[in-house]
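What follows is the content of entry_18.txt, which has compact mmCIF, C-alpha atoms:
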```txt
# COMPACT_ATOMS: atom_id res chain seq x y z
CA MET A 1 -194.95 -31.14 -55.81
CA ASP A 2 -194.34 -34.67 -54.69
CA LEU A 3 -190.68 -34.94 -53.72
CA LYS A 4 -190.66 -38.64 -54.56
CA VAL A 5 -191.52 -37.83 -58.17
CA ALA A 6 -189.53 -34.61 -58.44
CA TYR A 7 -186.23 -36.13 -57.23
CA TYR A 8 -186.28 -39.13 -59.52
CA ARG A 9 -187.86 -37.98 -62.76
CA GLN A 10 -185.48 -38.23 -65.70
CA ASP A 11 -186.05 -35.08 -67.71
CA ALA A 12 -185.10 -31.40 -67.70
CA GLU A 13 -187.60 -30.74 -64.91
CA GLY A 14 -185.94 -33.36 -62.73
CA ASP A 15 -182.50 -31.91 -63.48
CA PHE A 16 -183.71 -28.44 -62.50
CA PHE A 17 -185.30 -29.68 -59.29
CA ARG A 18 -182.27 -31.69 -58.20
CA ARG A 19 -180.09 -28.64 -58.70
CA ILE A 20 -182.23 -26.40 -56.47
CA ALA A 21 -182.73 -29.20 -53.93
CA GLU A 22 -178.99 -29.59 -53.60
CA SER A 23 -178.46 -25.86 -53.20
CA GLY A 24 -181.16 -25.71 -50.52
CA LYS A 25 -180.29 -29.01 -48.85
CA PHE A 26 -183.93 -30.14 -49.18
CA THR A 27 -185.11 -32.98 -46.98
CA MET A 28 -187.71 -35.60 -47.83
CA ALA A 29 -190.25 -34.09 -45.49
CA SER A 30 -193.74 -32.84 -46.02
CA GLY A 31 -195.10 -29.36 -45.87
CA ARG A 32 -191.99 -27.47 -46.97
CA LEU A 33 -192.17 -24.09 -48.66
CA HIS A 34 -189.58 -22.54 -50.98
CA GLY A 35 -189.26 -19.30 -52.93
CA LEU A 36 -187.09 -19.35 -56.05
CA THR A 37 -186.46 -17.62 -59.33
CA ALA A 38 -187.03 -19.13 -62.76
CA ALA A 39 -183.25 -19.31 -63.08
CA GLY A 40 -183.13 -21.62 -60.06
CA LYS A 41 -181.85 -19.21 -57.40
CA LEU A 42 -183.38 -19.96 -54.01
CA LEU A 43 -184.90 -16.92 -52.31
CA CYS A 44 -185.90 -18.81 -49.17
CA SER A 45 -186.63 -22.32 -48.02
CA ASP A 46 -187.75 -23.90 -44.78
CA ALA A 47 -186.28 -27.27 -45.73
CA GLY A 48 -182.80 -26.68 -44.39
CA SER A 49 -181.39 -26.13 -40.93
CA ASP A 50 -179.64 -22.84 -41.69
CA HIS A 51 -181.42 -20.04 -39.85
CA TYR A 52 -181.40 -17.94 -43.04
CA TRP A 53 -183.73 -20.40 -44.65
CA ARG A 54 -186.35 -20.60 -41.97
CA ASP A 55 -189.82 -19.04 -42.04
CA CYS A 56 -190.18 -19.05 -45.80
CA SER A 57 -193.46 -17.39 -46.76
CA ALA A 58 -194.81 -15.95 -49.99
CA ALA A 59 -194.33 -12.46 -48.54
CA GLY A 60 -190.79 -13.28 -47.44
CA ALA A 61 -189.92 -14.73 -50.83
CA TRP A 62 -191.36 -11.66 -52.56
CA ASP A 63 -189.33 -9.38 -50.29
CA LYS A 64 -186.11 -11.11 -51.36
CA TRP A 65 -187.23 -11.12 -55.01
CA VAL A 66 -187.69 -7.35 -55.25
CA ARG A 67 -184.20 -6.81 -53.83
CA LEU A 68 -182.64 -8.66 -56.77
CA PRO A 69 -181.20 -6.53 -59.60
CA ALA A 70 -183.88 -5.36 -62.05
CA GLU A 71 -182.08 -7.12 -64.91
CA GLU A 72 -182.65 -10.48 -63.22
CA ARG A 73 -186.31 -9.81 -62.60
CA LYS A 74 -187.55 -8.43 -65.89
CA PRO A 75 -189.91 -10.57 -68.05
CA GLY A 76 -187.92 -12.69 -70.48
CA ALA A 77 -184.65 -12.33 -68.58
CA VAL A 78 -184.63 -16.11 -68.26
CA LYS A 79 -185.48 -18.30 -71.24
CA VAL A 80 -187.16 -21.60 -70.46
CA ASN A 81 -187.88 -23.88 -73.40
CA GLU A 82 -190.44 -26.63 -73.54
CA ARG A 83 -189.26 -29.98 -72.27
CA LYS A 84 -190.12 -33.59 -73.01
CA ALA A 85 -191.59 -35.08 -69.85
CA ASP A 86 -190.28 -38.33 -68.46
CA PRO A 87 -192.87 -40.87 -69.71
CA LYS A 88 -192.69 -42.71 -66.40
CA VAL A 89 -194.17 -39.75 -64.53
CA PRO A 90 -197.89 -40.48 -64.03
CA ALA A 91 -200.27 -38.43 -66.14
CA PRO A 92 -203.97 -38.87 -66.83
CA PRO A 93 -204.65 -40.57 -70.17
CA PRO A 94 -206.07 -38.35 -72.93
CA GLY A 95 -209.73 -37.54 -72.37
CA ALA A 96 -209.68 -38.69 -68.76
CA LEU A 97 -212.26 -37.56 -66.23
CA VAL A 98 -210.35 -36.26 -63.21
CA LEU A 99 -212.28 -36.24 -59.95
CA LYS A 100 -211.32 -34.79 -56.57
CA ALA A 101 -212.37 -36.46 -53.34
CA TYR A 102 -212.56 -34.91 -49.88
CA GLN A 103 -212.85 -36.97 -46.71
CA ARG A 104 -213.99 -35.34 -43.49
CA MET A 105 -214.18 -36.76 -39.98
CA LEU A 106 -217.42 -35.47 -38.51
CA GLU A 107 -218.82 -35.56 -35.02
CA GLU A 108 -222.30 -35.93 -33.67
CA ASP A 109 -223.85 -32.76 -32.39
CA GLY A 110 -226.22 -34.16 -29.84
CA ALA A 111 -229.35 -33.47 -31.89
CA ALA A 112 -228.90 -36.63 -34.01
CA GLY A 113 -227.05 -34.50 -36.54
CA VAL A 114 -223.42 -34.19 -37.55
CA ARG A 115 -221.13 -31.20 -37.67
CA ARG A 116 -217.58 -30.35 -38.59
CA ARG A 117 -214.97 -31.01 -35.97
CA LYS A 118 -212.57 -28.26 -35.02
CA VAL A 119 -209.47 -30.29 -34.17
CA PHE A 120 -207.97 -33.71 -34.87
CA HIS A 121 -208.27 -36.43 -32.25
CA GLU A 122 -205.58 -36.67 -29.61
CA ALA A 123 -203.70 -39.56 -31.27
CA PHE A 124 -202.83 -37.18 -34.11
CA GLY A 125 -199.97 -34.95 -33.06
CA GLY A 126 -201.13 -34.89 -29.45
CA GLY A 127 -204.53 -33.44 -30.27
CA GLY A 128 -205.52 -29.80 -30.65
CA VAL A 129 -204.29 -29.58 -34.25
CA PRO A 130 -206.86 -27.62 -36.32
CA TYR A 131 -208.77 -30.02 -38.52
CA GLU A 132 -208.61 -30.09 -42.31
CA PRO A 133 -210.36 -32.67 -44.54
CA GLY A 134 -208.31 -35.16 -46.47
CA HIS A 135 -208.17 -35.21 -50.24
CA ASP A 136 -207.30 -37.51 -53.10
CA TYR A 137 -207.99 -37.92 -56.81
CA VAL A 138 -209.63 -40.45 -59.08
CA TRP A 139 -208.90 -40.77 -62.80
CA PHE A 140 -211.43 -42.44 -65.09
CA GLY A 141 -210.12 -43.09 -68.58
CA GLU A 142 -212.30 -42.05 -71.50
CA ALA A 143 -213.61 -45.56 -72.14
CA GLU A 144 -214.33 -45.94 -68.44
CA TRP A 145 -216.44 -42.82 -68.03
CA ASN A 146 -218.11 -43.45 -71.36
CA SER A 147 -219.39 -46.70 -69.90
CA LEU A 148 -221.51 -44.58 -67.54
CA ILE A 149 -223.54 -43.29 -70.49
CA PRO A 150 -224.50 -46.27 -72.61
CA ALA A 151 -226.30 -45.52 -75.85
CA ALA A 152 -230.04 -44.97 -76.28
CA LEU A 153 -230.78 -44.04 -72.67
CA LYS A 154 -234.22 -42.72 -71.86
CA LYS A 155 -235.70 -41.13 -68.78
CA GLY A 156 -236.31 -43.64 -66.02
CA ASP A 157 -233.74 -46.18 -67.22
CA GLN A 158 -231.76 -47.77 -64.40
CA PHE A 159 -228.49 -49.67 -64.57
CA GLN A 160 -225.61 -50.66 -62.35
CA PHE A 161 -222.49 -48.53 -61.99
CA PRO A 162 -219.83 -50.66 -63.75
CA ALA A 163 -218.52 -53.12 -61.19
CA LEU A 164 -214.78 -52.57 -61.75
CA LEU A 165 -215.15 -48.78 -61.53
CA ALA A 166 -217.34 -49.05 -58.46
CA ASP A 167 -214.81 -51.29 -56.73
CA ARG A 168 -211.93 -48.91 -57.52
CA LEU A 169 -213.96 -45.90 -56.44
CA VAL A 170 -215.01 -47.22 -53.05
CA ARG A 171 -211.67 -48.80 -52.16
CA ASP A 172 -209.65 -45.73 -53.13
CA ILE A 173 -211.67 -42.86 -51.71
CA LEU A 174 -213.95 -44.22 -48.97
CA THR A 175 -211.24 -43.96 -46.36
CA ASP A 176 -210.13 -41.20 -44.03
CA CYS A 177 -207.29 -39.38 -45.75
CA SER A 178 -207.38 -36.52 -43.26
CA ALA A 179 -205.69 -38.29 -40.38
CA ASN A 180 -202.27 -39.83 -40.16
CA GLN A 181 -203.28 -43.25 -41.41
CA PRO A 182 -205.97 -44.04 -43.96
CA VAL A 183 -207.30 -47.60 -44.20
CA GLY A 184 -206.21 -49.42 -47.36
CA TRP A 185 -209.15 -51.60 -48.41
CA GLU A 186 -208.37 -54.91 -50.12
CA PRO A 187 -210.83 -56.53 -52.55
CA ALA A 188 -211.96 -59.00 -49.88
CA ASP A 189 -212.89 -56.10 -47.59
CA VAL A 190 -215.73 -55.12 -49.93
CA ARG A 191 -218.43 -57.07 -48.09
CA SER A 192 -221.29 -55.53 -50.03
CA LEU A 193 -221.54 -52.90 -52.73
CA GLN A 194 -224.67 -51.67 -54.46
CA LEU A 195 -224.23 -48.69 -56.76
CA GLY A 196 -226.84 -47.82 -59.34
CA LEU A 197 -227.54 -45.09 -61.84
CA LYS A 198 -230.93 -43.78 -62.86
CA VAL A 199 -231.61 -41.50 -65.80
CA GLU A 200 -233.44 -38.43 -64.55
CA GLU A 201 -233.53 -36.41 -67.75
CA VAL A 202 -232.59 -36.79 -71.39
CA THR A 203 -232.52 -33.81 -73.77
CA PRO A 204 -230.68 -33.03 -77.00
CA ALA A 205 -228.23 -31.06 -74.83
CA GLY A 206 -227.36 -34.01 -72.61
CA LEU A 207 -228.55 -36.06 -69.71
CA ARG A 208 -228.74 -36.11 -65.94
CA LEU A 209 -228.06 -39.20 -63.89
CA ARG A 210 -228.79 -39.98 -60.27
CA LEU A 211 -226.32 -42.24 -58.47
CA GLU A 212 -227.46 -44.05 -55.37
CA GLY A 213 -226.13 -46.93 -53.37
CA SER A 214 -224.64 -48.47 -50.28
CA VAL A 215 -221.37 -50.07 -49.30
CA LEU A 216 -219.94 -52.09 -46.45
CA LEU A 217 -216.16 -52.23 -46.21
CA ALA A 218 -214.80 -54.30 -43.32
CA GLN A 219 -211.49 -55.89 -42.45
CA PRO A 220 -211.29 -59.11 -40.42
CA ALA A 221 -211.13 -58.84 -36.64
CA ARG A 222 -207.62 -58.20 -35.35
CA ALA A 223 -205.67 -60.08 -32.75
CA PRO A 224 -206.69 -58.49 -29.42
CA VAL A 225 -204.34 -55.82 -28.11
CA PRO A 226 -202.68 -56.91 -24.83
CA LYS A 227 -204.77 -55.82 -21.85
CA ALA A 228 -202.10 -53.63 -20.25
CA ILE A 229 -201.53 -51.71 -23.48
CA HIS A 230 -205.21 -51.39 -24.33
CA GLY A 231 -206.00 -50.22 -20.82
CA ARG A 232 -203.41 -47.50 -21.02
CA TRP A 233 -204.71 -46.41 -24.44
CA LEU A 234 -208.24 -46.16 -23.07
CA ARG A 235 -206.98 -44.06 -20.21
CA ASP A 236 -204.77 -41.70 -22.21
CA LEU A 237 -206.47 -41.64 -25.61
CA PRO A 238 -210.25 -41.25 -25.51
CA CYS A 239 -210.34 -41.72 -29.28
CA VAL A 240 -209.37 -45.42 -28.98
CA ASN A 241 -211.91 -48.16 -29.68
CA SER A 242 -213.16 -49.89 -26.54
CA ASP A 243 -212.99 -53.29 -28.31
CA PRO A 244 -209.40 -54.63 -28.19
CA SER A 245 -210.00 -56.70 -31.35
CA ALA A 246 -211.80 -53.97 -33.31
CA ALA A 247 -210.98 -53.73 -37.01
CA PRO A 248 -211.47 -51.04 -39.65
CA ARG A 249 -214.94 -50.71 -41.10
CA TYR A 250 -217.04 -48.28 -43.12
CA GLU A 251 -220.74 -48.69 -43.71
CA ALA A 252 -222.11 -45.88 -45.83
CA ARG A 253 -224.84 -44.72 -48.15
CA LEU A 254 -224.06 -42.80 -51.30
CA LEU A 255 -225.97 -40.26 -53.36
CA GLY A 256 -224.79 -38.42 -56.43
CA HIS A 257 -225.87 -36.17 -59.27
CA LEU A 258 -224.10 -36.38 -62.62
CA ARG A 259 -224.58 -34.34 -65.76
CA TYR A 260 -223.25 -35.13 -69.23
CA GLU A 261 -223.29 -32.45 -71.95
CA VAL A 262 -223.36 -33.55 -75.56
CA LYS A 263 -221.76 -30.40 -76.98
CA LYS A 264 -218.79 -30.64 -74.62
CA LYS A 265 -218.67 -34.45 -74.89
CA ALA A 266 -217.90 -34.50 -71.21
CA PHE A 267 -219.34 -34.76 -67.75
CA THR A 268 -219.85 -31.27 -66.38
CA ARG A 269 -221.11 -32.39 -63.02
CA PHE A 270 -220.05 -35.40 -60.95
CA ASP A 271 -221.06 -34.62 -57.40
CA VAL A 272 -221.26 -37.60 -55.06
CA VAL A 273 -221.48 -37.81 -51.28
CA ALA A 274 -221.05 -40.76 -48.96
CA LEU A 275 -221.90 -40.74 -45.27
CA GLY A 276 -221.68 -43.48 -42.70
CA SER A 277 -220.05 -44.82 -39.60
CA TYR A 278 -216.29 -45.29 -39.97
CA THR A 279 -213.91 -47.23 -37.74
CA GLY A 280 -210.43 -46.12 -38.69
CA ILE A 281 -206.87 -46.44 -37.49
CA ALA A 282 -204.15 -44.13 -36.31
CA VAL A 283 -200.45 -44.52 -35.80
CA ASN A 284 -199.91 -45.49 -32.18
CA PRO A 285 -198.12 -42.56 -30.50
CA PHE A 286 -196.54 -45.02 -28.00
CA ARG A 287 -195.19 -47.39 -30.65
CA GLY A 288 -191.59 -46.56 -29.80
CA GLU A 289 -191.95 -47.77 -26.21
CA GLY A 290 -191.50 -51.45 -26.87
CA ARG A 291 -191.94 -54.30 -29.32
CA GLU A 292 -195.25 -55.28 -27.80
CA GLN A 293 -196.75 -51.92 -28.79
CA PRO A 294 -198.72 -52.35 -32.04
CA TYR A 295 -197.94 -49.90 -34.83
CA HIS A 296 -201.60 -48.93 -35.22
CA LEU A 297 -204.45 -48.43 -32.85
CA VAL A 298 -208.10 -48.70 -33.89
CA LEU A 299 -210.31 -45.68 -33.30
CA LYS A 300 -213.81 -45.37 -31.96
CA PRO A 301 -216.39 -45.15 -34.76
CA PHE A 302 -217.23 -41.69 -36.03
CA PRO A 303 -219.26 -40.30 -38.93
CA LEU A 304 -217.11 -39.99 -42.05
CA GLY A 305 -218.34 -37.90 -44.96
CA VAL A 306 -216.78 -38.20 -48.41
CA ALA A 307 -217.50 -35.79 -51.25
CA LEU A 308 -216.48 -36.28 -54.87
CA GLN A 309 -216.48 -33.62 -57.59
CA ILE A 310 -214.86 -32.77 -60.89
CA ALA A 311 -211.33 -31.53 -60.14
CA ARG A 312 -210.07 -28.08 -61.04
CA GLY A 313 -208.68 -28.16 -64.57
CA GLY A 314 -204.98 -28.32 -65.30
CA GLN A 315 -203.84 -29.90 -62.06
CA VAL A 316 -202.15 -33.28 -62.42
CA VAL A 317 -202.00 -35.13 -59.12
CA PRO A 318 -201.69 -38.92 -59.32
CA PRO A 319 -204.62 -40.67 -57.64
CA GLY A 320 -204.55 -43.23 -54.92
CA GLY A 321 -201.94 -41.50 -52.79
CA CYS A 322 -204.28 -42.00 -49.90
CA SER A 323 -205.23 -45.63 -50.50
CA TYR A 324 -202.32 -46.95 -48.48
CA ARG A 325 -201.83 -50.66 -48.81
CA PRO A 326 -198.76 -52.00 -47.00
CA MET B 327 -238.67 -30.92 -28.93
CA ARG B 328 -236.03 -33.10 -30.64
CA MET B 329 -237.84 -32.59 -33.96
CA ILE B 330 -237.82 -28.81 -33.50
CA ALA B 331 -234.19 -28.87 -32.43
CA ALA B 332 -233.32 -30.99 -35.46
CA LEU B 333 -235.17 -28.65 -37.83
CA LEU B 334 -233.48 -25.62 -36.28
CA MET B 335 -230.14 -27.28 -36.78
CA LEU B 336 -230.94 -27.74 -40.48
CA VAL B 337 -231.31 -23.98 -40.79
CA GLN B 338 -227.63 -23.61 -39.93
CA GLU B 339 -226.57 -24.23 -43.48
CA GLY B 340 -223.63 -26.54 -43.92
CA GLU B 341 -223.17 -27.11 -40.21
CA SER B 342 -225.46 -29.98 -39.33
CA LEU B 343 -227.69 -32.66 -40.71
CA ALA B 344 -230.61 -34.10 -38.87
CA ARG B 345 -230.90 -37.77 -38.18
CA TRP B 346 -227.70 -38.96 -39.78
CA ARG B 347 -228.17 -42.33 -38.23
CA GLU B 348 -231.36 -42.76 -40.24
CA ILE B 349 -229.31 -42.48 -43.39
CA GLY B 350 -228.35 -46.10 -42.87
CA LYS B 351 -232.00 -47.12 -43.16
CA GLY B 352 -233.41 -44.84 -45.82
CA GLY B 353 -230.39 -43.51 -47.65
CA ILE B 354 -229.35 -39.91 -48.07
CA ARG B 355 -232.25 -37.57 -48.75
CA ASP B 356 -232.18 -35.17 -51.71
CA GLU B 357 -232.91 -32.18 -49.51
CA HIS B 358 -229.68 -32.89 -47.58
CA PHE B 359 -227.46 -33.34 -50.61
CA GLU B 360 -226.23 -29.77 -51.18
CA SER B 361 -225.68 -29.11 -47.48
CA MET B 362 -223.73 -32.35 -47.17
CA LEU B 363 -221.45 -31.34 -50.03
CA LYS B 364 -220.86 -28.01 -48.35
CA LEU B 365 -220.28 -29.65 -44.96
CA ILE B 366 -217.66 -32.08 -46.25
CA ARG B 367 -215.79 -29.85 -48.67
CA PRO B 368 -213.14 -27.45 -47.33
CA LYS B 369 -214.28 -24.04 -46.18
CA PRO B 370 -213.80 -21.30 -48.80
CA TRP B 371 -210.61 -19.26 -48.89
CA GLY B 372 -208.39 -22.13 -47.85
CA PHE B 373 -205.16 -23.21 -49.53
CA GLU B 374 -207.08 -24.96 -52.32
CA GLU B 375 -208.49 -21.67 -53.57
CA ILE B 376 -204.97 -20.75 -54.69
CA PRO B 377 -204.62 -21.66 -58.40
CA TRP B 378 -201.66 -23.96 -57.78
CA MET B 379 -199.84 -25.26 -60.83
CA THR B 380 -198.66 -28.86 -60.62
CA SER B 381 -195.89 -28.73 -63.19
CA LEU B 382 -192.69 -27.12 -61.94
CA TRP B 383 -191.54 -26.70 -65.52
CA GLU B 384 -194.69 -24.90 -66.66
CA ALA B 385 -194.59 -22.73 -63.56
CA ARG B 386 -190.98 -21.93 -64.34
CA ARG B 387 -191.88 -20.95 -67.92
CA LYS B 388 -194.70 -18.70 -66.70
CA ALA B 389 -192.47 -17.06 -64.07
CA ALA B 390 -189.74 -16.43 -66.63
CA ALA B 391 -192.17 -14.95 -69.15
CA GLU B 392 -193.88 -12.70 -66.61
CA GLY B 393 -190.86 -11.69 -64.58
CA LYS B 394 -192.06 -13.20 -61.31
CA PRO B 395 -190.66 -15.62 -58.72
CA LEU B 396 -192.01 -19.09 -57.94
CA PHE B 397 -193.39 -20.22 -54.61
CA LEU B 398 -193.03 -23.95 -54.25
CA TRP B 399 -194.77 -26.29 -51.81
CA THR B 400 -193.22 -29.73 -51.60
CA GLY B 401 -194.20 -32.86 -49.74
CA GLU B 402 -193.41 -36.53 -49.46
CA GLY B 403 -196.58 -37.30 -51.36
CA HIS B 404 -198.32 -34.59 -53.30
CA PRO B 405 -199.54 -31.68 -51.10
CA LEU B 406 -202.76 -31.51 -53.14
CA GLY B 407 -203.23 -35.26 -52.88
CA PHE B 408 -202.33 -37.18 -49.77
CA PRO B 409 -199.11 -35.67 -48.38
```
Translate this file's structure into structure tokens.
Amino acid sequence: MDLKVAYYRQDAEGDFFRRIAESGKFTMASGRLHGLTAAGKLLCSDAGSDHYWRDCSAAGAWDKWVRLPAEERKPGAVKVNERKADPKVPAPPPGALVLKAYQRMLEEDGAAGVRRRKVFHEAFGGGGVPYEPGHDYVWFGEAEWNSLIPAALKKGDQFQFPALLADRLVRDILTDCSANQPVGWEPADVRSLQLGLKVEEVTPAGLRLRLEGSVLLAQPARAPVPKAIHGRWLRDLPCVNSDPSAAPRYEARLLGHLRYEVKKKAFTRFDVVALGSYTGIAVNPFRGEGREQPYHLVLKPFPLGVALQIARGGQVVPPGGCSYRP
Amino acid sequence: MRMIAALLMLVQEGESLARWREIGKGGIRDEHFESMLKLIRPKPWGFEEIPWMTSLWEARRKAAAEGKPLFLWTGEGHPLGFP
């Protein structure tokens, strides 16, 4: 759950959440776990400072649950009616295609290949933190994804991925969401974008499309970082870009395989990968040392892989959480 | 020797791709597509394999009906999105 949505939504769900948050003294911090009953009784929570609430785990929550009186735990002991959701809470439009994107920092393996990295770079939490890819979502409304399958297609037909969708796709997901600061691409940062679709097969059951293209995203050069600061970064943070005026950039190729099924009236496959050299940013760990310290530092280029796929059904997570634009 | 090393690396499924720098010239090759997907996606059995519900209210209804507790993961930003 996103605390920013949960705290402020104006419906029965918001009322329920605010009540348990108050009882548990929740903080607006990430990565907090809580066990609770359907009635709203907190079993454990690691959001507060009270020692009782620390180390909340599923096993710990279950342990406290089974110690409750049987009458409280039996099915149907608590009645929860349907509720009318606050219309301001984001939800995908009817018939939307919901896609999940993963972004992974890779490293070269010395044989001109790439491999997964084991830990984040040292500007992220001091280094040594086990690496996990970033993730985000994309929602295409029904009319939008329908524009990917114009009528009367035949095998071999080629056409451009609709420009507005392509722009939204590359600017929202072709950034590193795994680290502490993704790059928010503005429209002017799209220096080139070629994204095409080719019909590989058409049958009464549906059709297969091949997506292929390239993109260059690049921000303007930055004001050079003062020599003394940049020198110290280079000494203490090997991940920092050697160019003091380096700016974010991603130059990538894309390949994808899509499948549309007539009977389901839906895409059943939407697998896309992007791979290229990425120059990203990180929050400067020394930013608190003085006003001359920039908030961000620019990283050395590394291979960034992005994978897109149809999201698991039933999960509603607003897209674009990663496409930070100050 | 580099060619052999590169081919051997390809055998390690999901762990490496040969000549990624050449992708810039010729694009991504079809034979690399599935291994790239596997390389980029999270490893199996991670937190995403859990069938998380994203509606607290629906989770509450299910817990009440089944006589079970809820386990809630909160973030400033959605934990399944960009937290």
Residue among A:Leu153, A:Lys227, A:Ala188, A:Ala179 lying closest to A:Gly125, counting all atoms listed in the file: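 So, comparing all the options, the nearest one is A:Ala179.
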Check: which chain A residues lie within 7 Å of chain B using only C-alpha atoms, as number ranges by chain: A: 1-4, 13, 28-38, 58, 65, 73-80, 102-104, 111-116, 133, 135-137, 177, 252-255, 273, 305-307, 315-317, 321-322
Point-to-point distance from atom CA of A:Val215 to atom CA of A:Ala151, Å rounded to tenths: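 These atoms are spaced 27.4 Å apart.
With distances restricted to only C-alpha atoms, A:Phe26 is the closest residue to A:Asp46 from A:Phe26, A:Gly184, A:Asp63, A:Ala163.
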Selection: 12 Å around A:Lys88, all atoms listed in the file, excl. self and same-chain fewer than 5 positions, as a list of chain:residue names: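 Residues near the query, excluding close chain neighbours: A:Val5, A:Ala6, A:Tyr8, A:Arg9, A:Gln10, A:Asp11.
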Pick from A:Gly313, A:Pro248, A:Pro301, A:Gly320, whichever lies nearest to A:Ala218 using only C-alpha atoms: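 Closest to A:Ala218, using only C-alpha atoms: A:Pro248.
The space separating atom CA of A:Val119 from atom CA of A:Cys239 comes to 12.5 Å.
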Between atom CA of A:Ala96 and atom CA of A:Tyr7, distance in Å (one decimal):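 Separation between atom CA of A:Ala96 and atom CA of A:Tyr7: 26.3 Å.
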Option closest in space to A:Glu82, from A:Val183, A:Ala12, A:Ala247, A:Leu258 [counting only C-alpha atoms]: A:Ala12
